[in-house]
>>> print(open('input-v9.txt').read())   # compact mmCIF, C-alpha atoms
# COMPACT_ATOMS: atom_id res chain seq x y z
CA MET A 1 35.47 -23.95 -30.66
CA SER A 2 38.20 -26.50 -29.95
CA LEU A 3 40.38 -27.82 -32.76
CA ARG A 4 38.88 -31.29 -32.48
CA ASN A 5 35.32 -29.97 -32.76
CA GLN A 6 36.31 -27.86 -35.76
CA LEU A 7 37.93 -30.87 -37.40
CA SER A 8 34.87 -33.04 -36.76
CA ASP A 9 32.65 -30.53 -38.58
CA LEU A 10 35.02 -29.81 -41.45
CA LEU A 11 36.19 -33.36 -42.09
CA SER A 12 32.60 -34.55 -42.51
CA GLU A 13 32.30 -32.16 -45.45
CA ILE A 14 35.76 -32.58 -46.98
CA LEU A 15 36.53 -36.29 -46.79
CA PRO A 16 35.36 -38.70 -49.54
CA SER A 17 33.28 -41.74 -48.55
CA ASN A 18 35.19 -44.09 -50.81
CA PRO A 19 38.61 -45.25 -49.50
CA LYS A 20 39.79 -45.41 -53.12
CA ASP A 21 39.43 -41.61 -53.26
CA SER A 22 41.26 -41.04 -49.97
CA ILE A 23 43.09 -37.74 -49.37
CA LYS A 24 46.68 -37.73 -48.19
CA GLY A 25 47.60 -35.83 -45.06
CA THR A 26 49.41 -32.96 -46.78
CA GLU A 27 46.50 -32.23 -49.11
CA LEU A 28 43.97 -32.59 -46.28
CA ILE A 29 45.85 -30.02 -44.21
CA ARG A 30 45.81 -27.61 -47.17
CA LEU A 31 42.05 -28.00 -47.58
CA LEU A 32 41.40 -27.57 -43.85
CA ARG A 33 43.42 -24.38 -43.50
CA ILE A 34 40.96 -22.61 -45.79
CA SER A 35 38.22 -22.90 -43.15
CA LEU A 36 40.01 -23.47 -39.83
CA ASP A 37 39.61 -20.76 -37.21
CA GLY A 38 43.03 -20.34 -35.60
CA GLU A 39 46.67 -21.07 -36.34
CA TYR A 40 47.71 -24.71 -35.89
CA SER A 41 50.94 -26.41 -36.87
CA ASP A 42 51.07 -29.26 -39.36
CA ALA A 43 52.30 -31.53 -36.56
CA SER A 44 49.28 -30.68 -34.40
CA LEU A 45 46.87 -31.42 -37.25
CA ARG A 46 48.58 -34.69 -38.11
CA TYR A 47 48.43 -35.70 -34.45
CA HIS A 48 44.67 -35.08 -34.40
CA PHE A 49 44.25 -37.06 -37.63
CA SER A 50 46.04 -39.99 -36.03
CA VAL A 51 44.07 -39.89 -32.77
CA MET A 52 40.69 -39.28 -34.39
CA SER A 53 41.14 -42.03 -36.97
CA CYS A 54 41.32 -44.51 -34.08
CA ASP A 55 38.03 -43.24 -32.64
CA PRO A 56 35.01 -45.11 -34.13
CA ASN A 57 32.81 -42.09 -33.39
CA SER A 58 34.92 -39.60 -35.36
CA PRO A 59 34.33 -38.82 -39.06
CA ILE A 60 37.87 -39.64 -40.20
CA ALA A 61 39.25 -43.07 -41.01
CA LYS A 62 42.68 -44.07 -42.31
CA VAL A 63 43.04 -46.44 -45.24
CA GLU A 64 44.44 -49.83 -44.30
CA LYS A 65 47.99 -50.60 -45.42
CA GLY A 66 48.40 -47.30 -47.18
CA GLN A 67 48.34 -43.53 -46.92
CA GLY A 68 45.32 -41.28 -46.95
CA TYR A 69 42.08 -40.61 -45.13
CA TYR A 70 38.39 -41.04 -45.96
CA LYS A 71 35.04 -40.46 -44.25
CA ARG A 72 34.08 -43.15 -41.78
CA GLY A 73 30.76 -44.94 -42.31
CA ALA A 74 27.88 -44.84 -39.84
CA ALA A 75 28.90 -45.69 -36.30
CA VAL A 76 27.66 -49.07 -35.13
CA PRO A 77 25.20 -47.71 -32.49
CA ALA A 78 23.35 -45.82 -35.24
CA LEU A 79 22.55 -49.01 -37.10
CA SER A 80 19.70 -50.08 -34.82
CA SER A 81 17.62 -47.15 -36.07
CA ALA A 82 18.72 -47.36 -39.70
CA LYS A 83 16.08 -47.34 -42.40
CA GLY A 84 15.75 -50.07 -44.96
CA LEU A 85 16.46 -53.01 -42.67
CA LEU A 86 13.03 -53.88 -41.29
CA ALA A 87 12.53 -56.85 -43.60
CA MET A 88 15.96 -58.20 -42.77
CA THR A 89 15.20 -58.23 -39.05
CA GLN A 90 11.77 -59.81 -39.57
CA GLY A 91 10.81 -58.78 -36.06
CA ARG A 92 13.41 -61.11 -34.54
CA LEU A 93 15.38 -58.32 -32.90
CA ASP A 94 12.57 -57.96 -30.36
CA ASP A 95 14.01 -61.01 -28.62
CA LEU A 96 17.31 -59.24 -27.92
CA ASP A 97 17.48 -57.70 -24.48
CA ASP A 98 19.95 -54.83 -24.89
CA SER A 99 20.93 -52.22 -27.46
CA SER A 100 24.43 -53.61 -27.97
CA SER A 101 22.98 -56.98 -29.02
CA VAL A 102 20.63 -55.22 -31.42
CA ASP A 103 23.51 -53.22 -32.88
CA LYS A 104 25.56 -56.39 -33.34
CA ALA A 105 22.72 -58.17 -35.12
CA MET A 106 22.04 -55.18 -37.36
CA LEU A 107 25.72 -54.83 -38.21
CA ARG A 108 25.84 -58.48 -39.30
CA LEU A 109 22.83 -57.91 -41.54
CA SER A 110 24.40 -54.80 -43.05
CA LYS A 111 27.67 -56.62 -43.72
CA PHE A 112 25.83 -59.45 -45.45
CA ARG A 113 23.93 -56.98 -47.63
CA ALA A 114 27.26 -55.39 -48.63
CA ILE A 115 28.76 -58.83 -49.37
CA VAL A 116 25.81 -59.71 -51.61
CA GLN A 117 26.29 -56.44 -53.52
CA LYS A 118 29.98 -57.19 -54.04
CA TYR A 119 29.23 -60.77 -55.05
CA ALA A 120 26.76 -59.56 -57.68
CA GLU A 121 29.32 -57.02 -58.92
CA THR A 122 31.89 -59.79 -59.51
CA LYS A 123 29.26 -61.60 -61.61
CA SER A 124 28.61 -58.44 -63.71
CA VAL A 125 25.08 -58.27 -62.30
CA PHE A 126 23.46 -54.97 -61.29
CA THR A 127 21.62 -54.45 -57.99
CA PHE A 128 18.68 -52.38 -56.78
CA GLU A 129 17.86 -52.11 -53.09
CA PHE A 130 14.42 -51.55 -51.60
CA ARG A 131 14.93 -49.35 -48.54
CA GLU A 132 12.09 -46.85 -48.12
CA SER A 133 9.54 -49.56 -48.89
CA LEU A 134 10.95 -51.60 -46.01
CA SER A 135 11.73 -48.79 -43.58
CA ILE A 136 10.46 -48.68 -40.03
CA GLU A 137 7.74 -46.24 -41.10
CA ALA A 138 6.53 -48.45 -43.98
CA PRO A 139 3.41 -50.66 -43.69
CA LEU A 140 4.16 -54.10 -42.28
CA GLY A 141 2.48 -55.64 -45.32
CA ASN A 142 5.39 -54.46 -47.47
CA LEU A 143 7.41 -57.35 -46.03
CA TRP A 144 5.35 -59.61 -48.30
CA LYS A 145 5.55 -57.34 -51.37
CA PHE A 146 9.23 -56.42 -51.64
CA PRO A 147 12.56 -58.20 -51.28
CA GLU A 148 15.63 -56.53 -49.82
CA MET A 149 17.32 -56.50 -53.20
CA VAL A 150 16.78 -57.16 -56.91
CA LEU A 151 19.55 -58.56 -59.12
CA ILE A 152 19.36 -57.43 -62.74
CA ASP A 153 21.21 -59.53 -65.31
CA TRP A 154 21.24 -57.92 -68.75
CA GLU A 155 23.04 -61.02 -70.08
CA HIS A 156 24.65 -59.34 -73.12
CA GLY A 157 26.78 -56.24 -73.51
CA GLU A 158 30.29 -54.95 -72.95
CA PHE A 159 31.49 -53.23 -69.79
CA ASP A 160 33.62 -50.13 -69.70
CA GLU A 161 34.52 -47.73 -66.89
CA ASP A 162 31.17 -45.97 -67.30
CA GLY A 163 28.85 -48.99 -67.16
CA LEU A 164 27.43 -51.62 -69.51
CA ALA A 165 26.97 -50.83 -73.21
CA LEU A 166 24.01 -52.94 -74.37
CA ASP A 167 24.24 -55.05 -77.51
CA PRO A 168 21.68 -53.61 -80.00
CA ALA A 169 21.52 -56.82 -82.05
CA HIS A 170 20.80 -58.91 -78.98
CA LEU A 171 18.12 -56.48 -77.78
CA ALA A 172 16.46 -56.54 -81.20
CA LEU A 173 16.46 -60.35 -81.24
CA LYS A 174 14.85 -60.53 -77.81
CA GLN A 175 12.25 -57.98 -78.85
CA THR A 176 11.45 -60.06 -81.94
CA LEU A 177 10.98 -63.15 -79.77
CA GLY A 178 8.90 -61.26 -77.24
CA LEU A 179 11.43 -61.80 -74.45
CA PRO A 180 12.47 -59.26 -71.81
CA PRO A 181 15.97 -57.79 -72.29
CA TYR A 182 16.95 -58.52 -68.69
CA HIS A 183 16.40 -61.07 -65.95
CA LEU A 184 15.12 -59.97 -62.52
CA SER A 185 15.92 -62.02 -59.43
CA SER A 186 14.09 -61.09 -56.23
CA ILE A 187 16.44 -61.63 -53.28
CA ARG A 188 15.40 -62.13 -49.65
CA MET A 189 18.38 -62.07 -47.25
CA ARG A 190 18.80 -63.71 -43.87
CA VAL A 191 21.92 -64.30 -41.75
CA GLU A 192 20.63 -67.77 -40.87
CA THR A 193 17.41 -69.75 -40.74
CA SER A 194 16.03 -72.37 -38.34
CA HIS A 195 13.29 -74.94 -37.84
CA ASP A 196 11.14 -72.16 -36.37
CA ASN A 197 11.69 -69.63 -39.16
CA PHE A 198 12.43 -71.34 -42.49
CA ARG A 199 8.78 -71.57 -43.57
CA GLU A 200 8.23 -67.86 -43.03
CA ASP A 201 11.51 -67.11 -44.82
CA LEU A 202 10.52 -69.14 -47.87
CA PHE A 203 6.92 -67.94 -48.07
CA GLN A 204 8.05 -64.30 -47.78
CA THR A 205 10.62 -64.94 -50.51
CA MET A 206 7.90 -66.34 -52.76
CA SER A 207 5.41 -63.57 -51.99
CA GLY A 208 7.96 -60.81 -52.60
CA SER A 209 9.00 -62.27 -55.96
CA MET A 210 5.63 -62.61 -57.73
CA TRP A 211 6.58 -59.80 -60.13
CA ALA A 212 10.14 -61.01 -60.87
CA ASN A 213 11.54 -63.84 -62.98
CA GLU A 214 12.51 -65.78 -59.88
CA GLY A 215 12.76 -65.59 -56.11
CA ILE A 216 15.82 -66.64 -54.13
CA LEU A 217 16.51 -66.80 -50.40
CA TYR A 218 20.12 -65.84 -49.63
CA LEU A 219 21.47 -67.18 -46.34
CA ALA A 220 24.77 -65.92 -44.96
CA ASP A 221 25.34 -69.10 -42.94
CA SER A 222 25.33 -72.64 -44.25
CA ILE A 223 22.73 -75.17 -43.04
CA SER A 224 24.58 -77.75 -40.96
CA ASP A 225 21.46 -79.47 -39.59
CA GLU A 226 20.69 -82.26 -42.09
CA SER A 227 17.02 -82.45 -41.09
CA LEU A 228 16.58 -78.69 -41.52
CA GLY A 229 18.34 -78.82 -44.89
CA ASP A 230 15.99 -81.55 -46.13
CA GLN A 231 12.92 -79.59 -45.03
CA VAL A 232 14.18 -76.38 -46.62
CA ARG A 233 14.86 -78.17 -49.93
CA ALA A 234 11.46 -79.86 -49.94
CA LEU A 235 9.45 -76.69 -49.29
CA ALA A 236 11.61 -74.58 -51.60
CA SER A 237 10.99 -77.11 -54.39
CA GLU A 238 7.23 -76.95 -53.82
CA LEU A 239 7.27 -73.14 -53.94
CA GLY A 240 9.74 -72.87 -56.82
CA ILE A 241 12.06 -70.78 -54.64
CA GLY A 242 15.84 -70.94 -54.81
CA VAL A 243 18.00 -71.12 -51.68
CA VAL A 244 21.69 -70.19 -51.65
CA SER A 245 24.06 -70.09 -48.68
CA PHE A 246 27.32 -68.13 -48.59
CA GLY A 247 29.12 -70.08 -45.85
CA LEU A 248 29.49 -67.07 -43.54
CA SER A 249 28.69 -67.82 -39.91
CA PRO A 250 27.71 -64.99 -37.55
CA ASN A 251 31.28 -65.07 -36.20
CA ASP A 252 32.64 -64.83 -39.75
CA LEU A 253 30.50 -61.74 -40.31
CA ASP A 254 31.86 -60.22 -37.11
CA ASP A 255 35.39 -60.58 -38.52
CA LEU A 256 34.55 -58.74 -41.75
CA PRO A 257 35.25 -55.00 -42.14
CA HIS A 258 32.56 -52.32 -41.80
CA PRO A 259 29.86 -52.42 -44.53
CA ALA A 260 31.13 -49.15 -46.03
CA GLN A 261 34.59 -50.66 -46.44
CA ILE A 262 33.12 -53.76 -48.09
CA GLN A 263 31.09 -51.64 -50.52
CA ASN A 264 34.11 -49.51 -51.42
CA ALA A 265 36.68 -52.32 -51.50
CA ILE A 266 39.32 -52.11 -54.20
CA ASP A 267 39.92 -55.08 -56.53
CA ARG A 268 42.52 -56.75 -54.32
CA GLU A 269 40.29 -56.43 -51.25
CA THR A 270 37.24 -57.66 -53.16
CA GLU A 271 39.15 -60.75 -54.26
CA ALA A 272 40.09 -61.48 -50.63
CA LEU A 273 36.48 -61.02 -49.49
CA MET A 274 35.12 -63.33 -52.20
CA GLY A 275 37.75 -65.89 -51.23
CA ARG A 276 36.08 -66.20 -47.84
CA LEU A 277 32.77 -67.27 -49.34
CA HIS A 278 31.63 -70.87 -49.77
CA VAL A 279 28.61 -70.42 -52.01
CA GLU A 280 26.29 -73.44 -52.09
CA LYS A 281 23.06 -73.79 -54.04
CA ILE A 282 20.77 -75.61 -51.62
CA ALA A 283 17.73 -75.47 -53.91
CA PRO A 284 17.36 -74.23 -57.51
CA ALA A 285 14.86 -71.49 -58.34
CA LYS A 286 12.10 -72.05 -60.86
CA ARG A 287 12.79 -69.37 -63.46
CA ARG A 288 9.85 -67.72 -65.23
CA THR A 289 10.34 -66.55 -68.80
CA HIS A 290 8.47 -63.31 -68.23
CA CYS A 291 8.08 -60.99 -65.26
CA GLY A 292 4.70 -60.69 -63.56
CA TRP A 293 3.64 -57.47 -65.24
CA GLU A 294 0.25 -57.34 -63.51
CA SER A 295 1.96 -57.50 -60.13
CA LEU A 296 4.46 -54.87 -61.27
CA GLN A 297 1.68 -52.57 -62.44
CA SER A 298 -0.16 -52.96 -59.13
CA LEU A 299 2.92 -52.13 -57.07
CA ARG A 300 4.06 -49.16 -59.14
CA ASN A 301 0.77 -47.36 -58.53
CA ASP A 302 1.51 -46.95 -54.82
CA HIS A 303 5.24 -47.37 -54.33
CA LEU A 304 7.88 -44.85 -55.40
CA GLU A 305 10.80 -47.28 -55.33
CA MET A 306 9.13 -49.63 -57.79
CA ASN A 307 8.70 -46.68 -60.14
CA GLN A 308 12.38 -45.84 -59.64
CA LEU A 309 13.37 -49.39 -60.54
CA LEU A 310 11.25 -49.41 -63.70
CA ALA A 311 12.39 -45.91 -64.72
CA TRP A 312 16.03 -46.99 -64.34
CA LEU A 313 15.47 -50.11 -66.47
CA GLY A 314 13.52 -48.17 -69.10
CA GLY A 315 16.05 -45.34 -69.21
CA SER A 316 18.88 -47.84 -69.64
CA LEU A 317 17.11 -49.41 -72.61
CA GLU A 318 16.49 -46.01 -74.16
CA ASN A 319 20.11 -44.92 -73.73
CA GLY A 320 21.61 -48.28 -74.64
CA LYS A 321 23.79 -47.97 -71.55
CA VAL A 322 23.37 -49.32 -68.01
CA LYS A 323 24.97 -47.45 -65.13
CA PRO A 324 24.74 -48.66 -61.51
CA PHE A 325 21.62 -47.23 -59.90
CA GLN A 326 23.70 -45.79 -57.05
CA ALA A 327 25.68 -43.71 -59.57
CA LEU A 328 22.47 -42.01 -60.74
CA ARG A 329 21.35 -40.84 -57.29
>>> encode(input="input-v9.txt", output="structure tokens")
Amino acid sequence: MSLRNQLSDLLSEILPSNPKDSIKGTELIRLLRISLDGEYSDASLRYHFSVMSCDPNSPIAKVEKGQGYYKRGAAVPALSSAKGLLAMTQGRLDDLDDSSSVDKAMLRLSKFRAIVQKYAETKSVFTFEFRESLSIEAPLGNLWKFPEMVLIDWEHGEFDEDGLALDPAHLALKQTLGLPPYHLSSIRMRVETSHDNFREDLFQTMSGSMWANEGILYLADSISDESLGDQVRALASELGIGVVSFGLSPNDLDDLPHPAQIQNAIDRETEALMGRLHVEKIAPAKRRTHCGWESLQSLRNDHLEMNQLLAWLGGSLENGKVKPFQALR
């Protein structure tokens, strides 16, 4: 087997996914020599690192403006078959006439999802993503039952490096008043909306939020058409649905780094990413005091991810500590 093929196999196992945990070249060479078949000089290995890190199809990527290597995220062509994005496409990708256009549209959607996660993180709000429930294999009716993401605001507690330590006094007070200890926002995400699609966007947002405290449609792009903006506000008000735009045009999304880099951005990079946003509340959401427990009960009977969400929330209450759901997987 050639050196490059060996490196492709080994690096996929050795390299960390998070750029913050990147491995410097010297240490990476030491780890590789344990499993490499053949004798290769340090210079030869470093040369391959350099060449492969410039290849979007290789497993190795170099950190920007620094030293070290990490595992590259999914290559762009693989995105068109990715699970968990059916609801975000809403069938509109059928209008695209070639795979590269599909990949570009899917990459924009994935970047926006990553931006929303980072935005929530800066607000000390936890996130839960519905993926299997909205996968290509899932029933089409799930588009009207589940959002792409849920934001969970526990409202009170203190953060440390391990998560959020809940405030026992605050939890006891809410329990006495019969109030839930957290606030659930059901989030539908679209890159942009239009005169043809905004009604479907808003009605799906409402339908997928019946069990939450509120439903909000997140748009990456702003609404520049005044007539469209007025119609969106009017219908959103009737439905009690919030609408928020992030001021990111499709071209702006194209300029952003890969979704994996957004998700793993360090503090300085996160600050730069958030600086590119122009968040505008187009319509306020009508907030319900309590979640729709009947709807929750109905969904948990048939859907694993809803059970995972509720188990995570319940376990957090029991432990008095909230860790990001991703950290528990």
>>> residues_near_point(input="input-v9.txt", point="(32.0, -51.2, -51.1)", cutoff="6 Å", atoms="all atoms listed in the file", output="number ranges by chain")
A: 260-265
>>> atom_distance(input="input-v9.txt", atom1="CA of Glu161 in chain A", atom2="CA of Leu173 in chain A")
26.3 Å
>>> residues_around(input="input-v9.txt", residues="Tyr182 in chain A", least_positions_apart="6", cutoff="7 Å", atoms="all atoms listed in the file", output="ChimeraX atom specification")
/A:152-155
>>> atom_distance(input="input-v9.txt", atom1="CA of Ser44 in chain A", atom2="CA of Arg4 in chain A")
10.6 Å
>>> residues_around(input="input-v9.txt", residues="Leu32 in chain A", least_positions_apart="4", cutoff="12 Å", atoms="only C-alpha atoms", output="VMD selection string")
chain A and resid 3 6 to 15 23 25 to 28 36 to 42 45 to 46 49
>>> write_last_selection(input="input-v9.txt", atoms="C-alpha atoms", output="PDB file, in the coordinates of the input")
ATOM      1  CA  LEU A   3      40.380 -27.820 -32.760  1.00  0.00           C
ATOM      2  CA  GLN A   6      36.310 -27.860 -35.760  1.00  0.00           C
ATOM      3  CA  LEU A   7      37.930 -30.870 -37.400  1.00  0.00           C
ATOM      4  CA  SER A   8      34.870 -33.040 -36.760  1.00  0.00           C
ATOM      5  CA  ASP A   9      32.650 -30.530 -38.580  1.00  0.00           C
ATOM      6  CA  LEU A  10      35.020 -29.810 -41.450  1.00  0.00           C
ATOM      7  CA  LEU A  11      36.190 -33.360 -42.090  1.00  0.00           C
ATOM      8  CA  SER A  12      32.600 -34.550 -42.510  1.00  0.00           C
ATOM      9  CA  GLU A  13      32.300 -32.160 -45.450  1.00  0.00           C
ATOM     10  CA  ILE A  14      35.760 -32.580 -46.980  1.00  0.00           C
ATOM     11  CA  LEU A  15      36.530 -36.290 -46.790  1.00  0.00           C
ATOM     12  CA  ILE A  23      43.090 -37.740 -49.370  1.00  0.00           C
ATOM     13  CA  GLY A  25      47.600 -35.830 -45.060  1.00  0.00           C
ATOM     14  CA  THR A  26      49.410 -32.960 -46.780  1.00  0.00           C
ATOM     15  CA  GLU A  27      46.500 -32.230 -49.110  1.00  0.00           C
ATOM     16  CA  LEU A  28      43.970 -32.590 -46.280  1.00  0.00           C
ATOM     17  CA  LEU A  36      40.010 -23.470 -39.830  1.00  0.00           C
ATOM     18  CA  ASP A  37      39.610 -20.760 -37.210  1.00  0.00           C
ATOM     19  CA  GLY A  38      43.030 -20.340 -35.600  1.00  0.00           C
ATOM     20  CA  GLU A  39      46.670 -21.070 -36.340  1.00  0.00           C
ATOM     21  CA  TYR A  40      47.710 -24.710 -35.890  1.00  0.00           C
ATOM     22  CA  SER A  41      50.940 -26.410 -36.870  1.00  0.00           C
ATOM     23  CA  ASP A  42      51.070 -29.260 -39.360  1.00  0.00           C
ATOM     24  CA  LEU A  45      46.870 -31.420 -37.250  1.00  0.00           C
ATOM     25  CA  ARG A  46      48.580 -34.690 -38.110  1.00  0.00           C
ATOM     26  CA  PHE A  49      44.250 -37.060 -37.630  1.00  0.00           C
TER      27      PHE A  49
END
>>> axis_aligned_box(input="input-v9.txt", around="range 278-295 of chain A", padding_each_side="4 Å", output="AutoDock Vina command-line options")
--center_x 15.9 --center_y -66.5 --center_z -59.3 --size_x 39.4 --size_y 26.3 --size_z 27.0
>>> residues_around(input="input-v9.txt", residues="Ser186 in chain A", least_positions_apart="2", cutoff="6 Å", atoms="all atoms listed in the file", output="list of chain:residue names")
A:Pro147, A:Val150, A:Ser209, A:Gly215
>>> residues_around(input="input-v9.txt", residues="Ser245 in chain A", least_positions_apart="4", cutoff="8 Å", atoms="all atoms listed in the file", output="JSON, numbers by chain")
{"A": [218, 219, 220, 221, 222, 223, 278, 279, 280, 281, 282]}
>>> atom_distance(input="input-v9.txt", atom1="CA of Leu184 in chain A", atom2="CA of Thr205 in chain A")
13.8 Å
>>> residues_around(input="input-v9.txt", residues="Leu177 in chain A", least_positions_apart="5", cutoff="12 Å", atoms="only C-alpha atoms", output="list in words")
His170, Leu171, Ala172, Thr289 and His290 of chain A
>>> closest_residue(input="input-v9.txt", among="A:Lys286, A:Arg199, A:Arg188, A:Arg33", to="Asn213 in chain A", atoms="all atoms listed in the file")
A:Lys286
